[in-house]
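*Asks:* The structure follows.
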Amino acid sequence: MTENALTRRDSDNGDGNGEDGGRGVGRMTERGAGVAGGTVLVTSGTGKTGRRVVERLTALGVPVRSGSRTGEVPFDWQDASGWAAALRGVRAAYVAYYPDLAVPGAAEAMVAFGRTAEACGVRRVVLLSGRGEPRAVVAEEALRGAAGTAEVTVVRSAFFAQNFNEGALLDGVLGGEVLFPAGTTAEPFLDLDDLADVVVAALTGDGHAGAVYELTGPRSLTFAEAAEELGRAAGRPVQYVPVTGPAYASMLEEFGVPGPEAGFLAELFVTLLDGHNTATADDVKRVLGREPKDFSVFAREAAGDGAWHG
């Protein structure tokens with residue numbers, strides 16, 4: 001299951017619109033000579049978050065290796081044999097694990113990656129994680145323990161706003177019905193331009209070692225409220241249709257997702273959207289010195305870029 005099929009994953013199949021004009025990046029330029037002054041490896045470098053991180057680092061003049069399963073820098077989370085080659089000579093790395101830090105085997109993968117990074121002399125690692133995921137915390141700690149003296153920063157993200165224009169929920173918006181097992185729970189949707197800016201700040205600046213950042217948008221909306229805002233921006237009716245976890249798992253299976261994975265994802269979404277992640281956090285502002293992008297702004301920008309013209 002790729003990030004294109006929801007939430008906080010970063011896959012090698014990302015596409016869609018680019019960045020936000022570099023807002024928040026200017027403050028990072030003078031700090032780029034810190035620990036991460038050398039080459040940066042971006043795992044899943046063509047995914048939603050990885051692509052944005054690559055764009056920002058390149059704009060700052062930071063040497064970047066964009067790792068992906070089929071790219072110039074081969075990197076596959078399912079094949080550890082190529083990790084050392086991708087990490088050799090790298091000073092910092094952005095880690096976006098596929099398919100999710102909460103899946104069985106993720107902690108073991110983080111141990112293996114951390115040890116490889118340490119052996120290759122990597123000095124800074126920024127890890128993408130899920131907000132409010134206890135099983136992901138186990139993987140976070142596994143990486144910290146295995147990375148030796150490397151500085152590790154964790155960014156725990158809320159639900160991506162871009163799932164509605166770059167992910168599996170795009171078809172629902174286009175069709176006028178967004179089906180998802182969120183009930184009436186509110187979520188502080190995060191714009192990925194903000195996430196990428198925070199990641200680049202942590203990769204290129206000082207003062208982030210050991211930090212755990214909770215990244216959210218500035219306000220929480222129910223999926224019904226989000227659908228209403230999407231419809232207003234897109235100029236077409238969009239409604240949210242709540243479904244149960246088992247029903248959503250069945251839907252995923254109909255789209256070709258293997259049964260065990262579909263069940264895991266449906267259970268994960270139901271767990272994450274039980275209300276414990278509803279509160280907003282101020283870490284975007286704390287790191288970047290500005291407020292995160294509001295969901296209505298995201299919707300207007302996505303509509304202006306033609307996301308829902310299909």
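Simple scheme: letters A, B, ... for chains in structure tokens order, numbers from 1 for residues in each chain, numbers from 1 for ligands in the order shown.
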Could you produce a table of the residues of region 159-224 of chain A lying within 12 Å of region 269-281 of chain A, with the nearest pair of atoms per residue and their separation in Å rounded to one decimal, using only C-alpha atoms, ordered by chain and increasing residue number, as JSON lines?

*Replies:*
{"residue": "A:Phe159", "atom": "CA", "partner": "A:Leu272", "partner_atom": "CA", "distance": 9.3}
{"residue": "A:Phe180", "atom": "CA", "partner": "A:Phe269", "partner_atom": "CA", "distance": 8.7}
{"residue": "A:Pro181", "atom": "CA", "partner": "A:Val270", "partner_atom": "CA", "distance": 6.1}
{"residue": "A:Ala182", "atom": "CA", "partner": "A:Leu273", "partner_atom": "CA", "distance": 5.6}
{"residue": "A:Gly183", "atom": "CA", "partner": "A:Leu273", "partner_atom": "CA", "distance": 8.0}
{"residue": "A:Thr184", "atom": "CA", "partner": "A:Leu273", "partner_atom": "CA", "distance": 9.0}
{"residue": "A:Thr185", "atom": "CA", "partner": "A:Gly275", "partner_atom": "CA", "distance": 5.6}
{"residue": "A:Ala186", "atom": "CA", "partner": "A:Thr278", "partner_atom": "CA", "distance": 5.5}
{"residue": "A:Glu187", "atom": "CA", "partner": "A:Thr278", "partner_atom": "CA", "distance": 5.0}
{"residue": "A:Pro188", "atom": "CA", "partner": "A:Thr280", "partner_atom": "CA", "distance": 6.0}
{"residue": "A:Phe189", "atom": "CA", "partner": "A:Thr280", "partner_atom": "CA", "distance": 9.3}
{"residue": "A:Leu190", "atom": "CA", "partner": "A:Thr280", "partner_atom": "CA", "distance": 10.0}
{"residue": "A:Val212", "atom": "CA", "partner": "A:Ala281", "partner_atom": "CA", "distance": 11.9}
{"residue": "A:Tyr213", "atom": "CA", "partner": "A:Ala281", "partner_atom": "CA", "distance": 8.9}
{"residue": "A:Glu214", "atom": "CA", "partner": "A:Ala281", "partner_atom": "CA", "distance": 6.1}
{"residue": "A:Leu215", "atom": "CA", "partner": "A:Ala281", "partner_atom": "CA", "distance": 6.4}
{"residue": "A:Thr216", "atom": "CA", "partner": "A:Thr280", "partner_atom": "CA", "distance": 5.8}
{"residue": "A:Gly217", "atom": "CA", "partner": "A:Thr280", "partner_atom": "CA", "distance": 6.8}
{"residue": "A:Pro218", "atom": "CA", "partner": "A:Thr280", "partner_atom": "CA", "distance": 6.4}
{"residue": "A:Arg219", "atom": "CA", "partner": "A:Thr280", "partner_atom": "CA", "distance": 6.3}
{"residue": "A:Ser220", "atom": "CA", "partner": "A:Thr278", "partner_atom": "CA", "distance": 6.3}
{"residue": "A:Leu221", "atom": "CA", "partner": "A:Thr278", "partner_atom": "CA", "distance": 8.5}
{"residue": "A:Thr222", "atom": "CA", "partner": "A:Thr278", "partner_atom": "CA", "distance": 9.3}
{"residue": "A:Phe223", "atom": "CA", "partner": "A:Leu273", "partner_atom": "CA", "distance": 10.4}

*Asks:* Do a neighbour search on Gly89 (chain A) at 10 Å with only C-alpha atoms, toss out local chain neighbours closer than 6 positions, and write the hits as a VMD selection string.

*Replies:* chain A and resid 38 to 41 120 to 122

*Asks:* Which residue, A:Ala119, A:Tyr94, A:Glu177, A:Leu57, has the smallest gap to Val155 (chain A) when you use only C-alpha atoms?

*Replies:*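 The answer is A:Tyr94, which sits nearest to Val155 (chain A).
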
*Asks:* Tell me, in Å to one decimal, how far CA of Gly105 (chain A) is from CA of Arg51 (chain A).

*Replies:* 25.2 Å

*Asks:* Interatomic distance between CA of Leu60 (chain A) and CA of Val200 (chain A)?

*Replies:*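 A separation of 9.7 Å between them.
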
*Asks:* Could you check the closest approach to Val243 (chain A) for each of A:Leu179, A:Asp294, A:Pro74, A:Ala109 and tell me which residue wins, using only C-alpha atoms?

*Replies:*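 The answer is A:Leu179, which sits nearest to Val243 (chain A).
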
*Asks:* Do a neighbour search on region 232-237 of chain A at 6 Å with only C-alpha atoms, toss out local chain neighbours closer than 5 positions, and write the hits as number ranges by chain.

*Replies:* A: 176, 299-300, 303

*Asks:* How would the residues just chosen look if you wrote them out with N, CA and C atoms as a compact mmCIF listing (two decimals), in the first residue's frame?

*Replies:*
# COMPACT_ATOMS: atom_id res chain seq x y z
N GLY A 176 -17.66 13.24 -5.94
CA GLY A 176 -18.63 13.91 -5.07
C GLY A 176 -18.91 13.21 -3.76
N ALA A 299 -7.17 24.07 0.06
CA ALA A 299 -8.22 23.72 -0.90
C ALA A 299 -8.28 24.71 -2.05
N ARG A 300 -8.18 26.00 -1.75
CA ARG A 300 -8.20 27.00 -2.81
C ARG A 300 -6.99 26.88 -3.73
N ALA A 303 -7.39 23.74 -5.91
CA ALA A 303 -8.38 24.00 -6.95
C ALA A 303 -7.80 24.89 -8.04

*Asks:* Just list the residues in region 105-262 of chain A DSSP gives alpha helix (DSSP H) on the backbone, as number ranges by chain.

*Replies:* A: 106-119, 134-146, 169-175, 192-204, 223-234, 245-254, 259-262

*Asks:* Write out as JSON, numbers by chain all residues of region 116-285 of chain A that backbone DSSP assigns to strand (DSSP E or B).

*Replies:* {"A": [124, 125, 126, 127, 128, 129, 130, 151, 152, 153, 154, 155, 156, 157, 160, 177, 178, 179, 180, 186, 187, 190, 212, 213, 214, 215, 221, 222, 239, 240, 241, 242]}

*Asks:* If you keep N, CA, C and O atoms, can you produce a file of those selected residues as a short mmCIF file (atom, residue, chain, number, x, y, z; two decimals), in the first residue's frame?

*Replies:*
data_model
loop_
_atom_site.label_atom_id
_atom_site.label_comp_id
_atom_site.auth_asym_id
_atom_site.auth_seq_id
_atom_site.Cartn_x
_atom_site.Cartn_y
_atom_site.Cartn_z
N ARG A 124 23.10 12.89 10.91
CA ARG A 124 21.79 13.46 11.23
C ARG A 124 20.71 12.70 10.48
O ARG A 124 20.85 12.44 9.29
N VAL A 125 19.63 12.36 11.20
CA VAL A 125 18.51 11.65 10.60
C VAL A 125 17.21 12.34 11.02
O VAL A 125 17.02 12.64 12.21
N VAL A 126 16.35 12.60 10.06
CA VAL A 126 15.01 13.13 10.33
C VAL A 126 14.01 12.06 9.89
O VAL A 126 13.99 11.66 8.73
N LEU A 127 13.18 11.61 10.83
CA LEU A 127 12.27 10.49 10.60
C LEU A 127 10.83 10.97 10.56
O LEU A 127 10.35 11.64 11.48
N LEU A 128 10.11 10.61 9.49
CA LEU A 128 8.68 10.88 9.41
C LEU A 128 7.93 9.80 10.15
O LEU A 128 8.14 8.61 9.93
N SER A 129 7.03 10.21 11.05
CA SER A 129 6.25 9.27 11.84
C SER A 129 4.79 9.71 11.85
O SER A 129 4.44 10.76 11.31
N GLY A 130 3.96 8.87 12.46
CA GLY A 130 2.55 9.17 12.56
C GLY A 130 2.19 9.73 13.92
O GLY A 130 2.70 9.28 14.95
N GLU A 151 22.43 12.43 15.25
CA GLU A 151 21.30 13.20 15.77
C GLU A 151 20.03 12.70 15.09
O GLU A 151 19.97 12.61 13.87
N VAL A 152 19.02 12.39 15.89
CA VAL A 152 17.75 11.91 15.34
C VAL A 152 16.64 12.88 15.72
O VAL A 152 16.47 13.21 16.90
N THR A 153 15.90 13.33 14.73
CA THR A 153 14.74 14.19 14.93
C THR A 153 13.53 13.47 14.37
O THR A 153 13.59 12.91 13.27
N VAL A 154 12.42 13.48 15.11
CA VAL A 154 11.19 12.81 14.67
C VAL A 154 10.13 13.86 14.39
O VAL A 154 9.90 14.75 15.21
N VAL A 155 9.49 13.76 13.23
CA VAL A 155 8.36 14.63 12.91
C VAL A 155 7.11 13.74 12.81
O VAL A 155 7.03 12.88 11.94
N ARG A 156 6.18 13.94 13.73
CA ARG A 156 4.95 13.16 13.77
C ARG A 156 3.83 13.96 13.11
O ARG A 156 3.43 15.01 13.62
N SER A 157 3.34 13.45 12.01
CA SER A 157 2.42 14.22 11.19
C SER A 157 0.97 13.85 11.43
O SER A 157 0.63 12.68 11.63
N PHE A 160 -2.52 13.97 6.12
CA PHE A 160 -2.11 14.86 5.04
C PHE A 160 -3.33 15.50 4.36
O PHE A 160 -4.22 14.80 3.88
N GLU A 177 -18.24 12.06 -3.50
CA GLU A 177 -18.45 11.35 -2.25
C GLU A 177 -17.11 10.83 -1.72
O GLU A 177 -16.44 10.04 -2.39
N VAL A 178 -16.76 11.27 -0.52
CA VAL A 178 -15.54 10.81 0.13
C VAL A 178 -15.93 9.79 1.20
O VAL A 178 -16.55 10.13 2.20
N LEU A 179 -15.60 8.53 0.96
CA LEU A 179 -15.92 7.46 1.90
C LEU A 179 -14.69 7.16 2.75
O LEU A 179 -13.60 6.90 2.22
N PHE A 180 -14.87 7.20 4.07
CA PHE A 180 -13.75 6.96 4.97
C PHE A 180 -14.27 6.64 6.37
O PHE A 180 -15.33 7.15 6.77
N ALA A 186 -12.93 15.05 14.45
CA ALA A 186 -12.22 16.15 13.80
C ALA A 186 -10.72 15.85 13.75
O ALA A 186 -10.16 15.23 14.66
N GLU A 187 -10.07 16.31 12.69
CA GLU A 187 -8.65 16.08 12.46
C GLU A 187 -7.99 17.39 12.03
O GLU A 187 -8.52 18.11 11.18
N LEU A 190 -2.82 18.50 7.94
CA LEU A 190 -1.54 19.18 7.76
C LEU A 190 -1.22 19.32 6.28
O LEU A 190 -1.29 18.35 5.52
N VAL A 212 11.16 15.84 19.11
CA VAL A 212 9.99 15.18 18.54
C VAL A 212 8.97 16.27 18.26
O VAL A 212 8.47 16.91 19.19
N TYR A 213 8.68 16.51 16.99
CA TYR A 213 7.77 17.58 16.60
C TYR A 213 6.41 17.00 16.21
O TYR A 213 6.33 16.08 15.40
N GLU A 214 5.37 17.56 16.80
CA GLU A 214 3.99 17.20 16.45
C GLU A 214 3.50 18.23 15.44
O GLU A 214 3.36 19.41 15.75
N LEU A 215 3.24 17.78 14.21
CA LEU A 215 2.89 18.70 13.14
C LEU A 215 1.41 18.58 12.79
O LEU A 215 0.93 17.50 12.42
N LEU A 221 -10.95 19.92 11.68
CA LEU A 221 -12.21 19.83 10.97
C LEU A 221 -12.66 18.37 10.94
O LEU A 221 -11.82 17.46 10.86
N THR A 222 -13.95 18.14 10.97
CA THR A 222 -14.45 16.81 10.68
C THR A 222 -14.29 16.56 9.19
O THR A 222 -14.10 17.49 8.40
N GLN A 239 -19.51 15.47 -0.60
CA GLN A 239 -19.99 15.11 0.72
C GLN A 239 -19.18 13.96 1.29
O GLN A 239 -18.63 13.14 0.54
N TYR A 240 -19.10 13.93 2.59
CA TYR A 240 -18.42 12.85 3.29
C TYR A 240 -19.42 11.77 3.65
O TYR A 240 -20.49 12.06 4.19
N VAL A 241 -19.05 10.53 3.36
CA VAL A 241 -19.90 9.38 3.68
C VAL A 241 -19.14 8.49 4.66
O VAL A 241 -18.17 7.82 4.28
N PRO A 242 -19.53 8.47 5.94
CA PRO A 242 -18.81 7.62 6.90
C PRO A 242 -19.11 6.15 6.66
O PRO A 242 -20.23 5.78 6.32
#

*Asks:* Quick check, in Å to one decimal: how far apart do CA of Ser44 (chain A) and CA of Tyr98 (chain A) lie?

*Replies:*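 Between these atoms lies a distance of 8.0 Å.
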
*Asks:* Show which residues sit within 10 Å of Ala139 (chain A), as a PyMOL selection string. Count only C-alpha atoms, and ignore same-chain residues fewer than 5 positions away.

*Replies:* chain A and resi 100-111+129+134+144-145

*Asks:* So which residues touch Ala266 (chain A) within 8 Å, counting only C-alpha atoms, skipping near sequence neighbours fewer than 4 positions away, as a list in words?

*Replies:*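 The neighbour list is Pro181, Gly245, Pro246, Tyr248, Ala249, Ala262 and Val270 of chain A.
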
*Asks:* Keeping only C-alpha atoms, write the selected residues as a compact mmCIF listing (two decimals), in the first residue's frame.

*Replies:*
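Now in part_3.txt:
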# COMPACT_ATOMS: atom_id res chain seq x y z
CA PRO A 181 -13.99 5.41 8.47
CA GLY A 245 -13.71 -0.13 9.48
CA PRO A 246 -14.70 -3.56 8.10
CA TYR A 248 -13.59 0.17 4.38
CA ALA A 249 -11.35 -2.90 4.47
CA ALA A 262 -6.57 -3.92 4.00
CA VAL A 270 -10.24 3.80 12.94

*Asks:* Considering only C-alpha atoms, return as a PyMOL selection string whatever protein or nucleic-acid residues lie within 7 Å of Leu174 (chain A), sequence-local ones (same chain, fewer than 2 positions apart) excluded.

*Replies:* chain A and resi 170-172+176+308+310
